[in-house]
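Pasting target.txt here (compact mmCIF, C-alpha atoms):
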# COMPACT_ATOMS: atom_id res chain seq x y z
CA MET A 1 0.00 0.00 0.00
CA GLY A 2 1.55 3.30 -1.12
CA GLY A 3 1.70 6.49 0.90
CA ALA A 4 -1.21 8.12 -0.93
CA ALA A 5 -3.43 5.06 -0.52
CA ALA A 6 -2.50 4.82 3.16
CA LEU A 7 -3.41 8.47 3.69
CA GLU A 8 -6.75 7.93 1.96
CA LYS A 9 -7.49 4.99 4.23
CA LEU A 10 -6.53 7.12 7.22
CA ILE A 11 -9.17 9.77 6.47
CA PRO A 12 -12.05 7.96 8.27
CA VAL A 13 -9.77 7.36 11.28
CA ALA A 14 -8.72 11.00 11.41
CA LEU A 15 -12.33 12.15 10.88
CA ALA A 16 -13.75 10.19 13.83
CA PHE A 17 -10.78 11.01 16.06
CA GLY A 18 -10.63 14.68 15.03
CA ALA A 19 -14.37 15.18 15.48
CA GLY A 20 -14.04 14.05 19.08
CA VAL A 21 -11.16 16.46 19.70
CA LEU A 22 -12.97 19.39 18.05
CA LEU A 23 -16.32 18.85 19.77
CA ALA A 24 -14.67 18.48 23.17
CA ARG A 25 -12.50 21.58 22.67
CA ARG A 26 -15.57 23.63 21.67
CA LYS A 27 -17.54 22.09 24.54
CA VAL A 28 -20.28 20.95 22.17
CA VAL A 29 -19.93 17.47 23.68
CA PRO A 30 -18.55 17.33 27.22
CA ALA A 31 -15.18 15.60 27.43
CA GLU A 32 -16.50 13.58 30.37
CA ALA A 33 -18.80 11.80 27.90
CA SER A 34 -15.73 10.03 26.51
CA LYS A 35 -16.06 7.48 29.30
CA ALA A 36 -19.60 6.59 28.24
CA PHE A 37 -18.57 6.20 24.60
CA ALA A 38 -15.48 4.22 25.57
CA ASP A 39 -17.48 1.94 27.86
CA TYR A 40 -19.97 1.28 25.05
CA ALA A 41 -17.14 0.33 22.70
CA PHE A 42 -15.19 -1.73 25.23
CA LEU A 43 -18.09 -3.48 26.97
CA PHE A 44 -20.43 -4.03 24.04
CA ALA A 45 -19.50 -3.01 20.49
CA VAL A 46 -15.99 -4.48 20.25
CA PRO A 47 -17.01 -7.79 21.92
CA CYS A 48 -19.92 -8.07 19.46
CA TYR A 49 -17.56 -7.47 16.56
CA LEU A 50 -14.99 -9.99 17.78
CA PHE A 51 -17.57 -12.67 18.55
CA GLY A 52 -19.18 -12.55 15.12
CA ASN A 53 -15.90 -12.47 13.22
CA ILE A 54 -14.17 -15.18 15.26
CA TYR A 55 -17.21 -17.44 15.05
CA ALA A 56 -17.16 -17.18 11.26
CA ALA A 57 -13.36 -17.30 10.92
CA ASP A 58 -11.08 -20.13 9.83
CA LEU A 59 -9.32 -20.72 13.15
CA SER A 60 -6.48 -22.65 11.56
CA ALA A 61 -5.58 -19.51 9.61
CA LEU A 62 -6.32 -17.19 12.52
CA PHE A 63 -3.97 -19.00 14.91
CA ASP A 64 -0.68 -19.00 13.03
CA TRP A 65 1.50 -20.40 15.80
CA ARG A 66 4.74 -19.33 14.17
CA ALA A 67 3.45 -15.76 14.01
CA ILE A 68 2.15 -15.86 17.58
CA GLY A 69 5.42 -17.37 18.83
CA GLY A 70 7.41 -14.69 17.03
CA TYR A 71 5.34 -11.91 18.54
CA ALA A 72 5.61 -13.45 22.02
CA ALA A 73 9.40 -13.68 21.65
CA ALA A 74 9.60 -10.05 20.51
CA ALA A 75 7.42 -8.97 23.44
CA ALA A 76 9.61 -10.90 25.88
CA LEU A 77 12.73 -9.14 24.56
CA ALA A 78 10.93 -5.80 24.77
CA VAL A 79 9.91 -6.48 28.39
CA ALA A 80 13.51 -7.30 29.28
CA ALA A 81 14.79 -4.14 27.54
CA VAL A 82 12.34 -1.79 29.28
CA ALA A 83 12.91 -3.44 32.67
CA ALA A 84 16.69 -3.19 32.26
CA ALA A 85 16.49 0.45 31.17
CA SER A 86 14.23 1.28 34.13
CA ALA A 87 16.62 -0.40 36.56
CA ALA A 88 19.57 1.43 34.99
CA ALA A 89 17.69 4.71 35.49
CA GLY A 90 17.54 4.00 39.23
CA LEU A 91 13.96 2.72 39.59
CA ARG A 92 13.73 0.24 42.45
CA ASP A 93 9.97 0.01 43.00
CA PRO A 94 8.78 -3.13 41.13
CA ARG A 95 5.39 -1.48 40.53
CA ALA A 96 7.02 1.50 38.80
CA VAL A 97 9.06 -0.85 36.60
CA ALA A 98 5.97 -2.93 35.75
CA LEU A 99 4.08 0.23 34.78
CA ARG A 100 6.84 1.23 32.38
CA VAL A 101 6.96 -2.26 30.91
CA MET A 102 3.23 -2.03 30.25
CA ALA A 103 3.70 1.42 28.66
CA GLY A 104 6.41 0.16 26.31
CA VAL A 105 5.11 -3.27 25.35
CA GLN A 106 1.32 -3.55 25.64
CA VAL A 107 -0.80 -2.20 22.79
CA ASN A 108 -4.15 -0.46 22.60
CA THR A 109 -6.24 -3.19 20.97
CA ALA A 110 -9.87 -2.26 21.64
CA TYR A 111 -9.77 1.52 21.15
CA PHE A 112 -7.09 1.81 18.46
CA ALA A 113 -5.97 -1.41 16.79
CA VAL A 114 -9.49 -2.71 16.12
CA PRO A 115 -10.73 0.43 14.32
CA VAL A 116 -7.45 0.81 12.41
CA PHE A 117 -7.46 -2.81 11.23
CA ILE A 118 -11.12 -2.62 10.21
CA THR A 119 -10.38 0.52 8.20
CA PHE A 120 -7.25 -0.78 6.45
CA PHE A 121 -7.89 -4.52 6.14
CA GLY A 122 -11.65 -4.90 6.56
CA THR A 123 -11.19 -7.19 9.56
CA ALA A 124 -9.71 -7.06 13.06
CA ALA A 125 -9.50 -10.85 13.45
CA PRO A 126 -5.66 -10.97 13.39
CA ILE A 127 -5.64 -8.91 16.59
CA PHE A 128 -7.37 -11.65 18.58
CA PRO A 129 -4.35 -13.91 19.27
CA VAL A 130 -2.34 -10.91 20.45
CA LEU A 131 -5.27 -9.76 22.59
CA LEU A 132 -5.36 -13.11 24.36
CA PHE A 133 -1.58 -13.06 24.80
CA GLN A 134 -1.79 -9.62 26.37
CA VAL A 135 -4.61 -10.50 28.75
CA CYS A 136 -3.44 -13.99 29.70
CA VAL A 137 0.29 -13.28 29.95
CA LEU A 138 1.43 -9.65 29.95
CA SER A 139 -1.46 -8.20 31.95
CA LEU A 140 -1.31 -11.01 34.49
CA VAL A 141 2.39 -10.36 35.09
CA VAL A 142 1.74 -6.64 35.60
CA ILE A 143 -1.24 -7.34 37.89
CA ALA A 144 0.80 -9.81 39.91
CA ILE A 145 3.59 -7.29 40.48
CA MET A 146 1.15 -4.49 41.30
CA GLU A 147 -0.85 -6.61 43.74
CA LEU A 148 2.14 -8.14 45.48
CA GLY A 149 3.79 -4.71 45.72
CA ARG A 150 1.00 -3.21 47.78
CA THR A 151 2.00 -2.00 51.21
CA GLY A 152 -1.09 -3.28 52.97
CA PRO A 153 -4.10 -5.52 52.43
CA GLY A 154 -6.48 -2.64 52.03
CA SER A 155 -4.30 -0.15 50.21
CA GLY A 156 -5.19 1.28 46.85
CA GLY A 157 -8.85 0.34 46.85
CA GLY A 158 -8.33 -1.76 43.74
CA PRO A 159 -9.63 -5.16 42.92
CA GLY A 160 -9.08 -7.59 45.65
CA SER A 161 -8.66 -5.08 48.47
CA GLY A 162 -8.74 -7.03 51.68
CA GLY A 163 -7.16 -10.40 52.35
CA GLY A 164 -3.60 -11.48 51.76
CA PRO A 165 -1.52 -10.98 48.60
CA ALA A 166 -2.52 -14.36 47.15
CA ARG A 167 -6.22 -13.63 47.59
CA ARG A 168 -5.92 -10.15 46.08
CA LEU A 169 -3.92 -11.55 43.16
CA GLY A 170 -6.46 -14.30 42.56
CA ARG A 171 -9.32 -11.82 42.42
CA ALA A 172 -7.40 -9.54 40.04
CA VAL A 173 -6.51 -12.43 37.75
CA SER A 174 -10.13 -13.63 37.70
CA ALA A 175 -11.34 -10.12 36.90
CA SER A 176 -8.95 -9.82 33.94
CA LEU A 177 -10.06 -13.14 32.47
CA VAL A 178 -13.79 -12.34 32.55
CA THR A 179 -13.65 -9.04 30.70
CA PRO A 180 -16.23 -8.79 27.87
CA LEU A 181 -13.47 -8.85 25.25
CA VAL A 182 -12.02 -12.14 26.46
CA LEU A 183 -15.42 -13.73 27.05
CA ALA A 184 -16.59 -12.79 23.55
CA CYS A 185 -13.42 -14.16 21.97
CA ASN A 186 -13.59 -17.41 23.92
CA ALA A 187 -17.29 -17.83 23.12
CA GLY A 188 -16.57 -17.33 19.43
CA ILE A 189 -13.77 -19.91 19.51
CA LEU A 190 -15.79 -22.48 21.45
CA LEU A 191 -18.88 -22.27 19.26
CA ASN A 192 -16.70 -22.29 16.16
CA LEU A 193 -14.79 -25.41 17.23
CA LEU A 194 -17.96 -27.23 18.27
CA SER A 195 -19.77 -26.15 15.08
CA VAL A 196 -22.68 -24.93 17.17
CA PRO A 197 -25.20 -23.14 14.92
CA VAL A 198 -25.85 -19.56 15.97
CA PRO A 199 -29.13 -18.03 14.70
CA GLU A 200 -28.59 -15.69 11.79
CA VAL A 201 -30.51 -12.95 13.58
CA VAL A 202 -27.98 -13.08 16.44
CA LEU A 203 -25.02 -12.83 14.06
CA ASP A 204 -26.70 -9.99 12.17
CA GLY A 205 -27.31 -8.16 15.44
CA ALA A 206 -23.70 -8.66 16.54
CA GLY A 207 -22.53 -7.41 13.15
CA PHE A 208 -24.79 -4.35 13.32
CA VAL A 209 -23.49 -3.37 16.76
CA GLY A 210 -19.92 -4.36 15.92
CA ASP A 211 -19.85 -2.01 12.93
CA SER A 212 -20.13 0.90 15.37
CA ALA A 213 -17.08 -0.17 17.38
CA SER A 214 -14.48 1.50 15.17
CA PRO A 215 -15.88 5.06 14.89
CA VAL A 216 -17.17 5.16 18.48
CA ALA A 217 -13.84 4.04 19.95
CA LEU A 218 -11.92 6.64 17.94
CA PHE A 219 -14.47 9.34 18.78
CA ALA A 220 -14.13 8.53 22.49
CA LEU A 221 -10.35 8.79 22.28
CA GLY A 222 -10.68 12.16 20.54
CA LEU A 223 -13.09 13.44 23.20
CA HIS A 224 -10.66 12.40 25.92
CA LEU A 225 -7.75 14.16 24.24
CA GLY A 226 -9.78 17.29 23.53
CA GLY A 227 -10.79 17.47 27.16
CA ILE A 228 -7.40 17.14 28.83
CA GLY A 229 -5.36 18.99 26.21
CA LEU A 230 -1.83 18.15 25.17
CA ASP A 231 1.28 19.72 26.66
CA VAL A 232 3.97 18.96 24.08
CA ARG A 233 6.51 21.36 25.55
CA GLY A 234 6.27 19.67 28.91
CA THR A 235 7.19 16.25 27.53
CA THR A 236 9.89 14.70 29.69
CA ARG A 237 12.83 12.61 28.50
CA GLU A 238 11.30 9.54 30.07
CA GLU A 239 8.04 10.10 28.19
CA LEU A 240 9.97 10.54 24.94
CA ALA A 241 11.92 7.35 25.59
CA LEU A 242 8.80 5.29 26.32
CA ILE A 243 6.87 6.71 23.34
CA GLY A 244 9.84 6.17 21.03
CA PHE A 245 10.25 2.61 22.21
CA LYS A 246 6.54 1.84 21.91
CA CYS A 247 5.93 3.42 18.52
CA VAL A 248 9.28 2.78 16.77
CA ALA A 249 11.63 0.38 18.58
CA PHE A 250 9.07 -2.30 19.49
CA PRO A 251 7.61 -2.60 15.97
CA LEU A 252 11.12 -2.78 14.53
CA LEU A 253 11.95 -5.48 17.07
CA ALA A 254 8.78 -7.37 16.10
CA TRP A 255 9.73 -7.09 12.42
CA ALA A 256 13.24 -8.42 13.08
CA VAL A 257 12.25 -11.26 15.41
CA CYS A 258 9.13 -12.40 13.54
CA GLY A 259 10.62 -12.01 10.08
CA ALA A 260 14.27 -12.98 10.51
CA LEU A 261 14.12 -15.47 13.38
CA PHE A 262 10.69 -17.05 12.98
CA GLY A 263 10.35 -16.77 9.22
CA VAL A 264 6.98 -15.01 9.26
CA ARG A 265 6.17 -13.56 5.85
CA GLY A 266 3.39 -11.84 3.95
CA GLU A 267 0.25 -10.52 5.58
CA TRP A 268 1.04 -11.90 9.02
CA LEU A 269 4.31 -10.00 9.21
CA THR A 270 2.46 -6.80 8.31
CA TYR A 271 -0.21 -7.52 10.91
CA LEU A 272 2.28 -8.17 13.72
CA VAL A 273 4.42 -5.12 13.03
CA LEU A 274 1.36 -2.87 12.85
CA ILE A 275 -0.02 -4.34 16.08
CA ALA A 276 3.31 -3.66 17.79
CA ALA A 277 3.17 -0.09 16.43
CA MET A 278 -0.17 0.60 18.11
CA PRO A 279 -0.06 3.07 21.04
CA THR A 280 0.04 2.39 24.76
CA PRO A 281 -3.37 1.17 26.04
CA GLN A 282 -5.68 3.30 28.15
CA ASN A 283 -5.55 0.53 30.75
CA LEU A 284 -2.14 1.90 31.71
CA PHE A 285 -3.81 4.98 33.19
CA ILE A 286 -6.43 2.83 34.92
CA PHE A 287 -3.71 0.67 36.49
CA ALA A 288 -1.73 3.75 37.53
CA GLN A 289 -4.75 5.25 39.29
CA ARG A 290 -5.77 1.95 40.86
CA TYR A 291 -2.33 1.24 42.31
CA ASP A 292 -1.28 4.87 42.87
CA VAL A 293 1.94 4.79 40.85
CA GLY A 294 3.05 7.00 37.93
CA VAL A 295 -0.37 8.55 37.29
CA ASP A 296 0.88 11.67 35.47
CA LEU A 297 3.41 9.71 33.43
CA SER A 298 0.82 7.16 32.35
CA ALA A 299 -1.72 9.78 31.25
CA ALA A 300 0.91 11.59 29.16
CA VAL A 301 2.23 8.43 27.50
CA VAL A 302 -1.25 7.12 26.61
CA ILE A 303 -2.29 10.35 24.88
CA LYS A 304 1.01 11.23 23.21
CA SER A 305 1.71 7.71 21.98
CA SER A 306 -1.77 7.68 20.42
CA LEU A 307 -0.97 10.78 18.38
CA VAL A 308 2.48 9.55 17.38
CA ALA A 309 1.09 6.16 16.35
CA LEU A 310 -1.60 7.84 14.26
CA LEU A 311 0.99 9.99 12.47
CA LEU A 312 3.32 7.05 11.83
CA LEU A 313 0.63 4.71 10.46
CA PRO A 314 1.03 5.75 6.76
CA LEU A 315 4.81 5.30 7.03
CA TRP A 316 4.50 1.81 8.51
CA LEU A 317 1.98 0.79 5.86
CA GLN A 318 4.18 2.08 3.07
CA ALA A 319 7.28 0.39 4.50
CA LEU A 320 5.47 -2.94 4.87
CA SER A 321 3.90 -2.90 1.42
CA PRO A 322 5.15 -5.71 -0.85
Would you mind writing the structure in this file as structure tokens?
Amino acid sequence: MGGAAALEKLIPVALAFGAGVLLARRKVVPAEASKAFADYAFLFAVPCYLFGNIYAADLSALFDWRAIGGYAAAAALAVAAVAAASAAAGLRDPRAVALRVMAGVQVNTAYFAVPVFITFFGTAAPIFPVLLFQVCVLSLVVIAIMELGRTGPGSGGGPGSGGGPARRLGRAVSASLVTPLVLACNAGILLNLLSVPVPEVVLDGAGFVGDSASPVALFALGLHLGGIGLDVRGTTREELALIGFKCVAFPLLAWAVCGALFGVRGEWLTYLVLIAAMPTPQNLFIFAQRYDVGVDLSAAVVIKSSLVALLLLPLWLQALSP
């Protein structure tokens, strides 16, 4: 896909995102409404989209184990690099290190990758294996460190407050595995594997709702950005380092590991590099607030990495074109 074609494909993304920014800045739509739009996308629209598409998908093609293994290896190297850099910078709090690992390695699937993939490829199905990897591996590691790093059984007010570390960790892990996204994906897989017939009216309804996931998620992100503003001049070196790693270094690492070491080629290599190039997830800010660590840093990285990722998308698409 050439640069001009990539820019044309980016117009709907920029329109939905930019409308949110503009309407929030002019106070036509209150910025606080971004949470309602985001909740609709995260809790309902995106799960509907994923369920319908995974149910109808060829799972043998969707789960390319070489591609998934390559991405997991690249993510593991990225985790080690961010953790080592954080330790070298003098960070000793495991929770602070875990937060920075999440900022540099995890990707915004529901609010960014899904709408982008739908726009460019007509499907977000390739995101599903990475989504499961994030939830079942990366997020669980971060949750474990955050929970075990609490100073007291009732501190933070997050999930699992009360009880010992093991009990808090168990509750947090359970909560992460029963999110609507994961449940919808697992339901789609199970019914697909068992060849259980799903009424056409149900699939049509899921498709109707799922079609709204992309524009609503981008609109919510725009509203959020328009409400809080963006202080570019106040960007710290640490923010620049994390954003640069997330939006440039990690996708390059994914390209090298998946392509050179695991032999991934064609569409899957494009998918994996683009997924790695997606911005830091909004969950980073939620985790930071919940566990009272790096709140300002997380908010800045989420917003600024979203803008950088959006600007770099045409370049990645052009570079990955055959």
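Take CA of Pro279 in chain A and CA of Leu223 in chain A: the distance between them is 16.8 Å.
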Task: Option closest in space to Gln134 in chain A, from A:Leu194, A:Ala19, A:Ala110, A:Val13 [counting all atoms listed in the file] - done: A:Ala110
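Of the residues under consideration (A:Val28, A:Leu148, A:Leu317, A:Leu190), A:Leu148 shows the shortest atom-to-atom contact distance to Arg168 in chain A when counting all atoms listed in the file.
Reported to one decimal place, the separation of CA of Phe17 in chain A from CA of Leu218 in chain A is 4.9 Å.
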Open item on the list: Report, in Å with one decimal, the straight-line distance from CA of Gly18 in chain A to CA of Gly222 in chain A.
Closed with: 6.1 Å
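With all atoms listed in the file as the atoms that count, the residue of A:Cys247, A:Gln289, A:Asn192, A:Ile145 with the shortest distance to Leu315 in chain A is A:Cys247.
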- [ ] Find, counting all atoms listed in the file, the residue in A:Ala113, A:Ile303, A:Met102, A:Ala89 that gets nearest to Leu140 in chain A.
- [x] A:Met102
Because the input lacks atoms here, generate N, CA, C and O atoms for range 35-48 of chain A and report them as a PDB file, keeping the file's coordinate frame.
ATOM      1  N   LYS A  35     -15.996   8.728  28.542  1.00  0.00           N
ATOM      2  CA  LYS A  35     -16.060   7.480  29.300  1.00  0.00           C
ATOM      3  C   LYS A  35     -17.265   6.645  28.872  1.00  0.00           C
ATOM      4  O   LYS A  35     -17.168   5.419  28.726  1.00  0.00           O
ATOM      5  N   ALA A  36     -18.400   7.312  28.660  1.00  0.00           N
ATOM      6  CA  ALA A  36     -19.600   6.590  28.240  1.00  0.00           C
ATOM      7  C   ALA A  36     -19.405   5.962  26.857  1.00  0.00           C
ATOM      8  O   ALA A  36     -19.755   4.799  26.626  1.00  0.00           O
ATOM      9  N   PHE A  37     -18.827   6.732  25.929  1.00  0.00           N
ATOM     10  CA  PHE A  37     -18.570   6.200  24.600  1.00  0.00           C
ATOM     11  C   PHE A  37     -17.552   5.055  24.653  1.00  0.00           C
ATOM     12  O   PHE A  37     -17.698   4.041  23.973  1.00  0.00           O
ATOM     13  N   ALA A  38     -16.509   5.254  25.455  1.00  0.00           N
ATOM     14  CA  ALA A  38     -15.480   4.220  25.570  1.00  0.00           C
ATOM     15  C   ALA A  38     -16.034   2.955  26.205  1.00  0.00           C
ATOM     16  O   ALA A  38     -15.703   1.838  25.781  1.00  0.00           O
ATOM     17  N   ASP A  39     -16.875   3.117  27.215  1.00  0.00           N
ATOM     18  CA  ASP A  39     -17.480   1.940  27.860  1.00  0.00           C
ATOM     19  C   ASP A  39     -18.375   1.187  26.871  1.00  0.00           C
ATOM     20  O   ASP A  39     -18.393  -0.051  26.859  1.00  0.00           O
ATOM     21  N   TYR A  40     -19.122   1.926  26.056  1.00  0.00           N
ATOM     22  CA  TYR A  40     -19.970   1.280  25.050  1.00  0.00           C
ATOM     23  C   TYR A  40     -19.113   0.448  24.101  1.00  0.00           C
ATOM     24  O   TYR A  40     -19.435  -0.712  23.790  1.00  0.00           O
ATOM     25  N   ALA A  41     -18.000   1.048  23.636  1.00  0.00           N
ATOM     26  CA  ALA A  41     -17.140   0.330  22.700  1.00  0.00           C
ATOM     27  C   ALA A  41     -16.486  -0.880  23.360  1.00  0.00           C
ATOM     28  O   ALA A  41     -16.492  -1.988  22.806  1.00  0.00           O
ATOM     29  N   PHE A  42     -15.951  -0.673  24.562  1.00  0.00           N
ATOM     30  CA  PHE A  42     -15.190  -1.730  25.230  1.00  0.00           C
ATOM     31  C   PHE A  42     -16.090  -2.855  25.734  1.00  0.00           C
ATOM     32  O   PHE A  42     -15.756  -4.037  25.603  1.00  0.00           O
ATOM     33  N   LEU A  43     -17.234  -2.489  26.317  1.00  0.00           N
ATOM     34  CA  LEU A  43     -18.090  -3.480  26.970  1.00  0.00           C
ATOM     35  C   LEU A  43     -19.085  -4.144  26.018  1.00  0.00           C
ATOM     36  O   LEU A  43     -19.595  -5.224  26.324  1.00  0.00           O
ATOM     37  N   PHE A  44     -19.349  -3.506  24.877  1.00  0.00           N
ATOM     38  CA  PHE A  44     -20.430  -4.030  24.040  1.00  0.00           C
ATOM     39  C   PHE A  44     -20.059  -4.131  22.565  1.00  0.00           C
ATOM     40  O   PHE A  44     -20.085  -5.220  21.981  1.00  0.00           O
ATOM     41  N   ALA A  45     -19.683  -3.019  21.938  1.00  0.00           N
ATOM     42  CA  ALA A  45     -19.500  -3.010  20.490  1.00  0.00           C
ATOM     43  C   ALA A  45     -18.326  -3.880  20.033  1.00  0.00           C
ATOM     44  O   ALA A  45     -18.466  -4.699  19.114  1.00  0.00           O
ATOM     45  N   VAL A  46     -17.160  -3.687  20.652  1.00  0.00           N
ATOM     46  CA  VAL A  46     -15.990  -4.480  20.250  1.00  0.00           C
ATOM     47  C   VAL A  46     -16.200  -5.976  20.539  1.00  0.00           C
ATOM     48  O   VAL A  46     -15.879  -6.812  19.687  1.00  0.00           O
ATOM     49  N   PRO A  47     -16.729  -6.358  21.722  1.00  0.00           N
ATOM     50  CA  PRO A  47     -17.010  -7.790  21.920  1.00  0.00           C
ATOM     51  C   PRO A  47     -17.975  -8.367  20.878  1.00  0.00           C
ATOM     52  O   PRO A  47     -17.778  -9.498  20.421  1.00  0.00           O
ATOM     53  N   CYS A  48     -19.001  -7.592  20.504  1.00  0.00           N
ATOM     54  CA  CYS A  48     -19.920  -8.070  19.460  1.00  0.00           C
ATOM     55  C   CYS A  48     -19.186  -8.284  18.147  1.00  0.00           C
ATOM     56  O   CYS A  48     -19.386  -9.296  17.455  1.00  0.00           O
TER      57      CYS A  48
END
